[in-house]
Amino acid sequence: MNVEFNTLRKQLRDEFVAEFPERCDSLEECVLAVEAGREGAFDDLYRRVHNLKGTGSQFGLSILTSICHQFESFLSSGNLKTDQLSASYALSYVDLLKRVSENVGQEGLSFIEIEHELEELRKSSMPEHATILLIEPSPSRRKLCQGVLAQLGVRIVMQERGMAALEQMLHEPFDLIVAARELPDLNTVAIIAALRESNCRNKHTPVILVTSNVTPIPDYLIINAVLARDAQFIPNLAKVANEILQQQHK
């Protein structure tokens with residue numbers, strides 16, 4: 001059974017690799033359509049990037065997932081408009097995908113240079129002072145935290161489930177993580193433990209944990225602050241997040 005599954009998976013992966021260049025060409029056409037102001041072009045582009053990200057994750061192509069994660073964030077940030085500069089940023093993401101498509105069929109290939117270029121592209125295409133990942137399952141609490149953090153002039157990426165947050169942390173850099181301890185799927189303490197053991201860009205990213213749970217947290221996880229949801233939560237979150245970000249950019 002396992003042999004049949006692995007054979008089928010390899011066949012599907014090979015088919016994807018063969019179709020990958022064509023998918024990149026379609027993304028380029030979508031970007032040009034957005035620049036031209038064609039109705040529905042943005043939604044089409046976002047859908048294609050999202051689907052490509054999912055396929056990359058399915059076949060263990062981490063560099064592809066990383067590019068698509070960041071491309072999605074660029075699109076979600078509202079920085080893609082009907083002008084030549086923002087379109088050029090979008091086309092730069094497509095160019096990185098095309099370079100991956102030229103080599104993705106090779107085993108043991110390193111994409112260090114592309115990862116470096118991806119980080120530089122993040123800085124230029126999304127030039128906010130800092131990016132915060134907010135992990136909170138409650139819509140009302142998420143909105144509250146978003147309002148507090150937005151006053152710091154930062155870009156905020158929000159997740160409500162632990163698995164999706166962990167995947168994003170493994171592929172997209174953040175300056176600060178603000179997370180509720182209790183999530184519907186994965187415990188945030190376990191997520192941070194996995195992050196600290198990884199070799200991703202967020203291995204040492206500061207973490208603010210929001211919880212009233214007094215259960216001790218292992219020191220090696222390096223939780224920068226634990227905030228309770230009490231009467232002082234809002235000023236405490238603003239103060240601690242600002243202090244951490246200021247320290248990050250010294």
# chains A, B, ... in the order shown; residues from 1 in each chain; ligands from 1
$ residues_around --residues "A:Leu12" --least-positions-apart "4" --cutoff "12 Å" --atoms "only C-alpha atoms" --output "NGL selection string"
:A and (5-8 or 16-19 or 55-56 or 58-59)
$ write_last_selection --atoms "N, CA and C atoms" --output "PDB file, in the first residue's frame"
ATOM      1  N   PHE A   5       1.225   4.229  -2.772  1.00  0.00           N
ATOM      2  CA  PHE A   5       1.038   5.633  -2.405  1.00  0.00           C
ATOM      3  C   PHE A   5       2.241   6.468  -2.832  1.00  0.00           C
ATOM      4  N   ASN A   6       3.449   5.973  -2.531  1.00  0.00           N
ATOM      5  CA  ASN A   6       4.669   6.713  -2.883  1.00  0.00           C
ATOM      6  C   ASN A   6       4.811   6.852  -4.392  1.00  0.00           C
ATOM      7  N   THR A   7       4.417   5.813  -5.113  1.00  0.00           N
ATOM      8  CA  THR A   7       4.477   5.869  -6.578  1.00  0.00           C
ATOM      9  C   THR A   7       3.517   6.927  -7.112  1.00  0.00           C
ATOM     10  N   LEU A   8       2.302   6.941  -6.553  1.00  0.00           N
ATOM     11  CA  LEU A   8       1.313   7.933  -6.967  1.00  0.00           C
ATOM     12  C   LEU A   8       1.770   9.343  -6.609  1.00  0.00           C
ATOM     13  N   PHE A  16       3.392  18.028 -11.445  1.00  0.00           N
ATOM     14  CA  PHE A  16       3.426  19.416 -10.987  1.00  0.00           C
ATOM     15  C   PHE A  16       4.681  20.123 -11.483  1.00  0.00           C
ATOM     16  N   VAL A  17       5.831  19.452 -11.368  1.00  0.00           N
ATOM     17  CA  VAL A  17       7.089  20.043 -11.821  1.00  0.00           C
ATOM     18  C   VAL A  17       7.016  20.387 -13.310  1.00  0.00           C
ATOM     19  N   ALA A  18       6.403  19.510 -14.080  1.00  0.00           N
ATOM     20  CA  ALA A  18       6.272  19.744 -15.524  1.00  0.00           C
ATOM     21  C   ALA A  18       5.355  20.939 -15.821  1.00  0.00           C
ATOM     22  N   GLU A  19       4.329  21.127 -14.987  1.00  0.00           N
ATOM     23  CA  GLU A  19       3.367  22.214 -15.200  1.00  0.00           C
ATOM     24  C   GLU A  19       3.799  23.533 -14.560  1.00  0.00           C
ATOM     25  N   THR A  55       0.210  23.577  -2.954  1.00  0.00           N
ATOM     26  CA  THR A  55       0.847  22.476  -3.686  1.00  0.00           C
ATOM     27  C   THR A  55       2.308  22.326  -3.266  1.00  0.00           C
ATOM     28  N   GLY A  56       2.989  23.472  -3.087  1.00  0.00           N
ATOM     29  CA  GLY A  56       4.381  23.429  -2.641  1.00  0.00           C
ATOM     30  C   GLY A  56       4.517  22.762  -1.292  1.00  0.00           C
ATOM     31  N   GLN A  58       2.395  20.569  -0.039  1.00  0.00           N
ATOM     32  CA  GLN A  58       2.027  19.162  -0.213  1.00  0.00           C
ATOM     33  C   GLN A  58       3.210  18.314  -0.657  1.00  0.00           C
ATOM     34  N   PHE A  59       4.063  18.885  -1.509  1.00  0.00           N
ATOM     35  CA  PHE A  59       5.188  18.117  -2.047  1.00  0.00           C
ATOM     36  C   PHE A  59       6.515  18.436  -1.346  1.00  0.00           C
TER      37      PHE A  59
END
$ closest_atom_pairs --of "stretch 114-217 of chain A" --to "stretch 89-97 of chain A" --cutoff "10 Å" --atoms "only C-alpha atoms" --output "CSV"
residue,atom,partner,partner_atom,distance
A:Ile114,CA,A:Leu96,CA,6.9
A:Glu115,CA,A:Leu96,CA,9.3
A:Glu117,CA,A:Leu96,CA,8.4
A:Leu118,CA,A:Leu96,CA,7.8
A:Leu121,CA,A:Tyr89,CA,7.6
A:Arg122,CA,A:Tyr89,CA,9.4
A:Ser124,CA,A:Tyr89,CA,8.3
A:Ser125,CA,A:Tyr89,CA,6.0
A:Met126,CA,A:Tyr89,CA,9.5
$ residues_around --residues "A:Ile234" --least-positions-apart "3" --cutoff "8 Å" --atoms "only C-alpha atoms" --output "list in words"
Cys145, Val148, Ala231, Leu237 and Ala238 of chain A
$ write_last_selection --atoms "N, CA and C atoms" --output "CSV table (one decimal), in the first residue's frame"
chain,number,residue,atom,x,y,z
A,145,CYS,N,-6.5,43.4,19.9
A,145,CYS,CA,-5.0,43.4,19.8
A,145,CYS,C,-4.6,44.1,18.6
A,148,VAL,N,-4.6,47.8,19.1
A,148,VAL,CA,-3.5,48.2,20.0
A,148,VAL,C,-2.2,48.2,19.2
A,231,ALA,N,-7.2,44.2,33.5
A,231,ALA,CA,-7.5,45.7,33.3
A,231,ALA,C,-6.4,46.4,32.6
A,237,LEU,N,0.3,45.6,26.7
A,237,LEU,CA,0.6,45.1,25.3
A,237,LEU,C,1.3,46.2,24.5
A,238,ALA,N,0.8,47.4,24.5
A,238,ALA,CA,1.4,48.5,23.7
A,238,ALA,C,2.8,48.8,24.2
$ residues_around --residues "stretch 60-77 of chain A" --least-positions-apart "3" --cutoff "6 Å" --atoms "only C-alpha atoms" --output "list in words"
Val49, Lys53, Gly56, Ser57, Leu80 and His171 of chain A
$ atom_distance --atom1 "atom CA of A:Ser88" --atom2 "atom CA of A:Asp44"
17.9 Å
$ closest_residue --among "A:Arg9, A:Ile132, A:Thr211, A:Cys30" --to "A:Thr188" --atoms "only C-alpha atoms"
A:Thr211
$ select_by_dssp --residues "stretch 29-135 of chain A" --states "strand (DSSP E or B)" --output "list in words"
Thr131, Ile132, Leu133, Leu134 and Ile135 of chain A
$ write_last_selection --atoms "N, CA and C atoms" --output "short mmCIF file (atom, residue, chain, number, x, y, z; two decimals), in the first residue's frame"
data_model
loop_
_atom_site.label_atom_id
_atom_site.label_comp_id
_atom_site.auth_asym_id
_atom_site.auth_seq_id
_atom_site.Cartn_x
_atom_site.Cartn_y
_atom_site.Cartn_z
N THR A 131 7.07 43.77 11.29
CA THR A 131 5.93 42.90 11.02
C THR A 131 5.67 42.03 12.25
N ILE A 132 4.42 42.04 12.70
CA ILE A 132 4.03 41.26 13.88
C ILE A 132 3.08 40.16 13.45
N LEU A 133 3.32 38.94 13.93
CA LEU A 133 2.38 37.84 13.74
C LEU A 133 1.50 37.76 14.98
N LEU A 134 0.21 37.96 14.79
CA LEU A 134 -0.75 37.90 15.88
C LEU A 134 -1.55 36.60 15.77
N ILE A 135 -1.46 35.75 16.80
CA ILE A 135 -2.15 34.46 16.81
C ILE A 135 -3.20 34.50 17.90
#
$ residues_around --residues "A:Pro206" --least-positions-apart "2" --cutoff "8 Å" --atoms "only C-alpha atoms" --output "PyMOL selection string"
chain A and resi 175-177+204+208+222-224+244
$ select_by_dssp --residues "stretch 11-244 of chain A" --states "alpha helix (DSSP H)" --output "ChimeraX atom specification"
/A:11-35,41-58,62-76,84-103,112-125,139-150,162-171,188-197,233-244
$ atom_distance --atom1 "atom CA of A:Cys24" --atom2 "atom CA of A:Lys123"
22.7 Å
$ residues_around --residues "A:Lys239" --least-positions-apart "4" --cutoff "12 Å" --atoms "only C-alpha atoms" --output "MDAnalysis selection string"
chainID A and resid 148:149 151:152 208 225 227 232:235 243:246
$ write_last_selection --atoms "C-alpha atoms" --output "mmCIF file, in the first residue's frame"
data_model
loop_
_atom_site.group_PDB
_atom_site.id
_atom_site.type_symbol
_atom_site.label_atom_id
_atom_site.label_comp_id
_atom_site.auth_asym_id
_atom_site.auth_seq_id
_atom_site.Cartn_x
_atom_site.Cartn_y
_atom_site.Cartn_z
ATOM 1 C CA VAL A 148 -3.483 48.207 20.006
ATOM 2 C CA LEU A 149 -0.593 47.054 17.819
ATOM 3 C CA GLN A 151 -0.867 52.267 16.786
ATOM 4 C CA LEU A 152 2.816 51.254 16.714
ATOM 5 C CA ILE A 208 4.698 37.816 23.831
ATOM 6 C CA ALA A 225 6.767 38.524 28.167
ATOM 7 C CA LEU A 227 0.616 39.195 29.682
ATOM 8 C CA GLN A 232 -3.951 46.561 32.326
ATOM 9 C CA PHE A 233 -3.754 44.330 29.255
ATOM 10 C CA ILE A 234 -4.099 47.077 26.627
ATOM 11 C CA PRO A 235 -1.437 49.461 28.022
ATOM 12 C CA GLU A 243 9.956 48.140 23.862
ATOM 13 C CA ILE A 244 10.750 44.853 22.114
ATOM 14 C CA LEU A 245 10.496 46.384 18.634
ATOM 15 C CA GLN A 246 12.644 49.331 19.630
#
$ closest_residue --among "A:Thr82, A:Gln11, A:Ser140, A:Ser26" --to "A:Glu39" --atoms "only C-alpha atoms"
A:Thr82
$ residues_around --residues "A:Val210" --least-positions-apart "5" --cutoff "8 Å" --atoms "only C-alpha atoms" --output "count of residues only"
8
$ decode --residues "stretch 166-209 of chain A" --atoms "N, CA and C atoms" --output "CSV table (one decimal), in the first residue's frame"
chain,number,residue,atom,x,y,z
A,166,LEU,N,2.2,28.1,12.7
A,166,LEU,CA,3.5,27.5,12.6
A,166,LEU,C,4.1,27.4,11.2
A,167,GLU,N,3.2,27.0,10.3
A,167,GLU,CA,3.7,27.0,8.9
A,167,GLU,C,4.1,28.3,8.4
A,168,GLN,N,3.4,29.4,8.8
A,168,GLN,CA,3.8,30.7,8.3
A,168,GLN,C,5.1,31.1,9.0
A,169,MET,N,5.3,30.8,10.2
A,169,MET,CA,6.5,31.2,11.0
A,169,MET,C,7.7,30.5,10.3
A,170,LEU,N,7.5,29.3,9.8
A,170,LEU,CA,8.6,28.5,9.2
A,170,LEU,C,9.1,29.1,7.9
A,171,HIS,N,8.2,29.9,7.3
A,171,HIS,CA,8.5,30.3,5.9
A,171,HIS,C,8.5,31.9,5.7
A,172,GLU,N,8.1,32.6,6.7
A,172,GLU,CA,8.0,34.1,6.5
A,172,GLU,C,8.6,34.8,7.7
A,173,PRO,N,9.5,35.7,7.6
A,173,PRO,CA,10.1,36.3,8.8
A,173,PRO,C,9.2,37.3,9.5
A,174,PHE,N,9.3,37.3,10.8
A,174,PHE,CA,8.5,38.3,11.6
A,174,PHE,C,9.5,38.9,12.7
A,175,ASP,N,9.1,40.1,13.1
A,175,ASP,CA,9.9,40.9,14.1
A,175,ASP,C,9.4,40.6,15.5
A,176,LEU,N,8.2,40.2,15.6
A,176,LEU,CA,7.6,39.9,16.9
A,176,LEU,C,6.4,39.0,16.7
A,177,ILE,N,6.2,38.0,17.7
A,177,ILE,CA,5.1,37.1,17.7
A,177,ILE,C,4.2,37.4,18.9
A,178,VAL,N,3.0,37.7,18.8
A,178,VAL,CA,2.0,37.9,19.9
A,178,VAL,C,1.0,36.8,19.8
A,179,ALA,N,1.0,35.9,20.8
A,179,ALA,CA,0.1,34.7,20.7
A,179,ALA,C,-0.7,34.4,22.0
A,180,ALA,N,-1.9,34.0,21.8
A,180,ALA,CA,-2.7,33.5,22.9
A,180,ALA,C,-2.2,32.1,23.2
A,181,ARG,N,-2.1,31.7,24.5
A,181,ARG,CA,-1.6,30.4,24.9
A,181,ARG,C,-2.5,29.3,24.4
A,182,GLU,N,-3.8,29.6,24.5
A,182,GLU,CA,-4.8,28.5,24.3
A,182,GLU,C,-5.3,28.7,22.8
A,183,LEU,N,-5.1,27.7,22.0
A,183,LEU,CA,-5.6,27.7,20.6
A,183,LEU,C,-6.4,26.4,20.3
A,184,PRO,N,-7.2,26.5,19.3
A,184,PRO,CA,-8.1,25.3,19.1
A,184,PRO,C,-7.5,24.0,18.6
A,185,ASP,N,-6.2,24.1,18.1
A,185,ASP,CA,-5.6,22.9,17.6
A,185,ASP,C,-4.3,22.7,18.4
A,186,LEU,N,-3.2,23.5,18.1
A,186,LEU,CA,-2.0,23.3,18.8
A,186,LEU,C,-1.8,24.2,19.9
A,187,ASN,N,-1.2,23.8,21.0
A,187,ASN,CA,-0.8,24.6,22.2
A,187,ASN,C,0.3,25.6,21.7
A,188,THR,N,0.2,26.8,22.1
A,188,THR,CA,1.2,27.8,21.6
A,188,THR,C,2.6,27.5,22.2
A,189,VAL,N,2.6,27.0,23.4
A,189,VAL,CA,3.9,26.6,24.0
A,189,VAL,C,4.6,25.6,23.2
A,190,ALA,N,3.9,24.6,22.7
A,190,ALA,CA,4.4,23.6,21.8
A,190,ALA,C,4.9,24.2,20.5
A,191,ILE,N,4.1,25.1,20.0
A,191,ILE,CA,4.5,25.8,18.7
A,191,ILE,C,5.8,26.5,18.9
A,192,ILE,N,6.0,27.3,20.0
A,192,ILE,CA,7.2,28.0,20.2
A,192,ILE,C,8.4,27.0,20.4
A,193,ALA,N,8.1,25.9,21.1
A,193,ALA,CA,9.2,24.9,21.2
A,193,ALA,C,9.7,24.4,19.9
A,194,ALA,N,8.7,24.1,19.0
A,194,ALA,CA,9.1,23.7,17.6
A,194,ALA,C,9.9,24.8,16.9
A,195,LEU,N,9.5,26.0,17.1
A,195,LEU,CA,10.1,27.1,16.4
A,195,LEU,C,11.6,27.3,16.9
A,196,ARG,N,11.8,27.2,18.2
A,196,ARG,CA,13.1,27.3,18.8
A,196,ARG,C,14.1,26.2,18.3
A,197,GLU,N,13.5,25.0,18.0
A,197,GLU,CA,14.3,23.9,17.6
A,197,GLU,C,14.6,23.9,16.1
A,198,SER,N,13.9,24.8,15.4
A,198,SER,CA,14.0,24.9,13.9
A,198,SER,C,15.2,25.7,13.5
A,199,ASN,N,15.5,25.7,12.2
A,199,ASN,CA,16.6,26.5,11.6
A,199,ASN,C,16.0,27.6,10.8
A,200,CYS,N,14.8,28.0,11.0
A,200,CYS,CA,14.1,29.0,10.2
A,200,CYS,C,14.5,30.4,10.7
A,201,ARG,N,14.1,31.4,9.9
A,201,ARG,CA,14.5,32.8,10.2
A,201,ARG,C,13.9,33.3,11.5
A,202,ASN,N,12.8,32.7,12.0
A,202,ASN,CA,12.2,33.1,13.2
A,202,ASN,C,12.6,32.4,14.4
A,203,LYS,N,13.7,31.6,14.3
A,203,LYS,CA,14.2,30.8,15.5
A,203,LYS,C,14.3,31.6,16.7
A,204,HIS,N,14.8,32.9,16.6
A,204,HIS,CA,15.1,33.7,17.8
A,204,HIS,C,14.1,34.9,17.9
A,205,THR,N,13.0,34.9,17.1
A,205,THR,CA,12.1,36.0,17.1
A,205,THR,C,11.4,36.1,18.5
A,206,PRO,N,11.3,37.3,19.1
A,206,PRO,CA,10.7,37.6,20.4
A,206,PRO,C,9.3,37.2,20.4
A,207,VAL,N,8.8,36.7,21.6
A,207,VAL,CA,7.4,36.2,21.7
A,207,VAL,C,6.8,36.9,22.9
A,208,ILE,N,5.6,37.4,22.7
A,208,ILE,CA,4.7,37.8,23.8
A,208,ILE,C,3.6,36.8,23.9
A,209,LEU,N,3.4,36.2,25.1
A,209,LEU,CA,2.4,35.2,25.3
A,209,LEU,C,1.2,35.8,26.1
